[in-house]
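File shown: structure-v4.pdb. Contents: PDB, C-alpha atoms, pLDDT in the B column.
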ATOM      1  CA  MET A 161      99.059  98.553 127.169  1.00 45.00           C
ATOM      2  CA  THR A 162      96.539  99.587 124.545  1.00 57.00           C
ATOM      3  CA  LYS A 163      94.529 102.052 126.612  1.00 62.00           C
ATOM      4  CA  LYS A 164      97.749 103.405 128.125  1.00 77.00           C
ATOM      5  CA  LEU A 165      99.168 104.150 124.658  1.00 79.00           C
ATOM      6  CA  ILE A 166      96.009 105.980 123.591  1.00 75.00           C
ATOM      7  CA  LYS A 167      95.971 107.994 126.822  1.00 78.00           C
ATOM      8  CA  SER A 168      99.664 108.794 126.425  1.00 84.00           C
ATOM      9  CA  ILE A 169      99.127 110.049 122.874  1.00 83.00           C
ATOM     10  CA  ASP A 170      96.089 112.023 124.044  1.00 80.00           C
ATOM     11  CA  LYS A 171      98.179 113.780 126.740  1.00 86.00           C
ATOM     12  CA  ILE A 172     100.961 114.600 124.257  1.00 88.00           C
ATOM     13  CA  ILE A 173      98.399 116.022 121.828  1.00 86.00           C
ATOM     14  CA  GLU A 174      96.832 118.083 124.596  1.00 86.00           C
ATOM     15  CA  SER A 175     100.149 119.550 125.741  1.00 90.00           C
ATOM     16  CA  SER A 176     101.529 120.153 122.246  1.00 91.00           C
ATOM     17  CA  GLY A 177      98.346 121.589 120.765  1.00 89.00           C
ATOM     18  CA  SER A 178      98.782 119.460 117.630  1.00 90.00           C
ATOM     19  CA  GLU A 179      96.712 116.509 116.436  1.00 89.00           C
ATOM     20  CA  ASN A 180      99.158 115.601 113.634  1.00 94.00           C
ATOM     21  CA  ILE A 181     101.042 112.372 114.127  1.00 94.00           C
ATOM     22  CA  THR A 182     103.498 110.089 112.357  1.00 93.00           C
ATOM     23  CA  ILE A 183     103.247 106.402 113.208  1.00 94.00           C
ATOM     24  CA  PHE A 184     105.728 103.717 112.257  1.00 92.00           C
ATOM     25  CA  THR A 185     105.064  99.993 112.105  1.00 92.00           C
ATOM     26  CA  ASN A 186     107.618  97.431 110.977  1.00 90.00           C
ATOM     27  CA  HIS A 187     106.623  98.036 107.357  1.00 88.00           C
ATOM     28  CA  LEU A 188     104.711 101.320 107.177  1.00 90.00           C
ATOM     29  CA  LYS A 189     105.061 105.058 107.789  1.00 90.00           C
ATOM     30  CA  ILE A 190     101.675 106.664 108.386  1.00 94.00           C
ATOM     31  CA  ASP A 191     101.040 110.406 108.693  1.00 94.00           C
ATOM     32  CA  GLY A 192      97.696 111.875 109.626  1.00 96.00           C
ATOM     33  CA  ARG A 193      95.532 113.689 112.094  1.00 94.00           C
ATOM     34  CA  ILE A 194      94.588 111.582 115.094  1.00 87.00           C
ATOM     35  CA  TYR A 195      90.871 111.271 115.678  1.00 80.00           C
ATOM     36  CA  ILE A 196      89.647 111.192 119.250  1.00 69.00           C
ATOM     37  CA  PRO A 197      85.831 111.104 119.429  1.00 67.00           C
ATOM     38  CA  GLU A 198      84.602 114.446 120.775  1.00 67.00           C
ATOM     39  CA  GLY A 199      88.011 114.981 122.370  1.00 56.00           C
ATOM     40  CA  ARG A 200      87.491 112.179 124.887  1.00 60.00           C
ATOM     41  CA  CYS A 201      89.765 109.177 124.957  1.00 58.00           C
ATOM     42  CA  ASP A 202      87.342 107.090 127.032  1.00 59.00           C
ATOM     43  CA  GLU A 203      85.388 106.500 123.811  1.00 56.00           C
ATOM     44  CA  CYS A 204      88.467 105.328 121.863  1.00 61.00           C
ATOM     45  CA  HIS A 205      88.688 101.736 120.709  1.00 64.00           C
ATOM     46  CA  ASP A 206      91.081  99.651 122.807  1.00 70.00           C
ATOM     47  CA  ASP A 207      92.917  98.035 119.903  1.00 81.00           C
ATOM     48  CA  PHE A 208      93.059 100.705 117.181  1.00 84.00           C
ATOM     49  CA  ILE A 209      94.075 104.318 116.619  1.00 86.00           C
ATOM     50  CA  THR A 210      92.028 106.168 114.030  1.00 87.00           C
ATOM     51  CA  LEU A 211      93.623 108.751 111.744  1.00 93.00           C
ATOM     52  CA  GLU A 212      91.902 111.066 109.303  1.00 94.00           C
ATOM     53  CA  ASN A 213      93.489 112.540 106.183  1.00 95.00           C
ATOM     54  CA  ALA A 214      96.147 109.837 106.397  1.00 96.00           C
ATOM     55  CA  THR A 215      99.083 109.156 104.100  1.00 93.00           C
ATOM     56  CA  LEU A 216     100.389 105.603 104.169  1.00 92.00           C
ATOM     57  CA  CYS A 217     103.836 104.698 102.804  1.00 87.00           C
ATOM     58  CA  ARG A 218     105.425 101.261 102.647  1.00 83.00           C
ATOM     59  CA  LEU A 219     108.918 101.725 104.098  1.00 78.00           C
ATOM     60  CA  SER A 220     110.600  99.371 101.651  1.00 74.00           C
ATOM     61  CA  ASP A 221     109.386 101.554  98.747  1.00 68.00           C
ATOM     62  CA  TYR A 222     109.625 104.914 100.490  1.00 64.00           C
ATOM     63  CA  CYS A 223     113.378 105.168 101.132  1.00 64.00           C
ATOM     64  CA  THR A 224     115.602 102.942  99.068  1.00 64.00           C
ATOM     65  CA  CYS A 225     118.968 104.699  99.093  1.00 68.00           C
ATOM     66  CA  ASP A 226     121.661 105.094 101.719  1.00 69.00           C
ATOM     67  CA  ASP A 227     123.519 108.127 100.359  1.00 69.00           C
ATOM     68  CA  GLU A 228     124.010 111.354 102.306  1.00 73.00           C
ATOM     69  CA  ASN A 229     121.723 113.180  99.864  1.00 69.00           C
ATOM     70  CA  CYS A 230     118.998 110.553  99.967  1.00 70.00           C
ATOM     71  CA  GLU A 231     115.478 111.673  99.114  1.00 68.00           C
ATOM     72  CA  CYS A 232     112.426 109.638  99.929  1.00 66.00           C
ATOM     73  CA  ASN A 233     109.754 108.756  97.400  1.00 62.00           C
ATOM     74  CA  ASP A 234     106.519 110.502  98.416  1.00 61.00           C
ATOM     75  CA  TYR A 235     104.898 109.456  95.143  1.00 61.00           C
ATOM     76  CA  VAL A 236     104.662 105.813  96.269  1.00 71.00           C
ATOM     77  CA  CYS A 237     102.395 106.726  99.191  1.00 83.00           C
ATOM     78  CA  PHE A 238      98.622 106.365  99.317  1.00 89.00           C
ATOM     79  CA  ASN A 239      96.086 108.801 100.785  1.00 93.00           C
ATOM     80  CA  TYR A 240      93.066 107.782 102.833  1.00 94.00           C
ATOM     81  CA  ASP A 241      90.265 109.830 104.351  1.00 96.00           C
ATOM     82  CA  TRP A 242      90.231 107.483 107.360  1.00 93.00           C
ATOM     83  CA  ILE A 243      92.462 104.634 108.474  1.00 93.00           C
ATOM     84  CA  ASN A 244      92.590 102.489 111.611  1.00 90.00           C
ATOM     85  CA  ILE A 245      95.944 101.226 112.874  1.00 92.00           C
ATOM     86  CA  ALA A 246      96.275  98.235 115.182  1.00 90.00           C
ATOM     87  CA  ILE A 247      98.021  99.436 118.322  1.00 89.00           C
ATOM     88  CA  ASP A 248      99.964  96.183 118.660  1.00 88.00           C
ATOM     89  CA  ASP A 249     101.673  96.912 115.313  1.00 89.00           C
ATOM     90  CA  ILE A 250     103.005 100.353 116.313  1.00 91.00           C
ATOM     91  CA  VAL A 251     106.784 100.490 116.681  1.00 92.00           C
ATOM     92  CA  ALA A 252     107.140 104.263 117.147  1.00 92.00           C
ATOM     93  CA  PHE A 253     105.141 107.485 116.904  1.00 91.00           C
ATOM     94  CA  SER A 254     105.698 111.214 117.007  1.00 91.00           C
ATOM     95  CA  VAL A 255     103.222 114.043 117.433  1.00 92.00           C
ATOM     96  CA  ILE A 256     104.180 116.755 114.952  1.00 89.00           C
ATOM     97  CA  LYS A 257     103.610 120.475 115.461  1.00 81.00           C
TER      98      LYS A 257
END

Would you mind writing the file's structure down as C-alpha cells?
Amino acid sequence: MTKKLIKSIDKIIESSGSENITIFTNHLKIDGRIYIPEGRCDECHDDFITLENATLCRLSDYCTCDDENCECNDYVCFNYDWINIAIDDIVAFSVIK
C-alpha cells in the first residue's frame, strides 16, 4: 500500500497543480508542502512522506469545543522546516489548492 499511496498523492498533486497537503493521523493534523525528490516518485521512501514548511498540531489541543462557533487553536501548533510522516499512521489527507 505504501508505494500506491505515494503514487496516488503524486497524481493528485500533478492534476491539481498544488503541492500543499493536509494529513491527518489519529492524533495529529499536519499541513505542509509535499516533497517529491526532483518531481519523481520512484525516489520516494516506501514508508514515509516528507513535508517541508510543515505545521504540526495535536488534535486534542487544536479543537476542544463543540459549539457552532467553534474556533481552533492555531497557537498550539509547531512549525518544522522538514518532517517525515509514517505512511501507516495516515488516516486521511487532502491536497489543498

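Interatomic distance, atom CA of A:Ser220 against atom CA of A:Leu165: 26.1 Å.
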
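Nearest to A:Asp207 of all the residues A:Lys164, A:Lys189, A:Lys171, A:Lys257 is A:Lys164, based on all atoms listed in the file.
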
Point to revise | Point (106.3, 99.2, 103.7), cut-off 9 Å, counting only C-alpha atoms, residues as a list in words | key: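 Within 9 Å of (106.3, 99.2, 103.7), the protein and nucleic acid residues are Thr185, Asn186, His187, Leu188, Lys189, Leu216, Cys217, Arg218, Leu219, Ser220, Asp221 and Tyr222 of chain A.
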
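All protein, DNA and RNA residues at most 8 Å from (92.5, 100.7, 110.5) are Phe208, Ile209, Thr210, Trp242, Ile243, Asn244, Ile245 and Ala246 of chain A, using all atoms listed in the file.
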
Exercise for review: Please write as JSON, numbers by chain the full residue list that the PyMOL selection byres ((chain A and resi 192) around 12) yields on this file.
Suggested key: {"A": [178, 179, 180, 181, 182, 183, 184, 189, 190, 191, 193, 194, 195, 209, 210, 211, 212, 213, 214, 215, 216, 217, 238, 239, 240, 241, 242, 243, 244, 245, 253, 254, 255, 256, 257]}

Check your understanding: How many Å lie between atom CA of A:Ile247 and atom CA of A:Ile169, rounded to one decimal?
Key ->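 For atom CA of A:Ile247 relative to atom CA of A:Ile169, the distance reads 11.6 Å.
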
Practice item. May I ask for the distance between atom CA of A:Lys167 and atom CA of A:Ile250, given in Å to one decimal place? Key: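 That distance, rounded to one decimal, is 14.8 Å.
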
Return as AutoDock Vina command-line options the centre and edge lengths, in Å with one decimal, of the box along x, y and z that encloses every atom of stretch 208-215 of chain A in the file, padded by 4 Å per side.
--center_x 95.5 --center_y 106.6 --center_z 110.6 --size_x 15.2 --size_y 19.8 --size_z 21.1
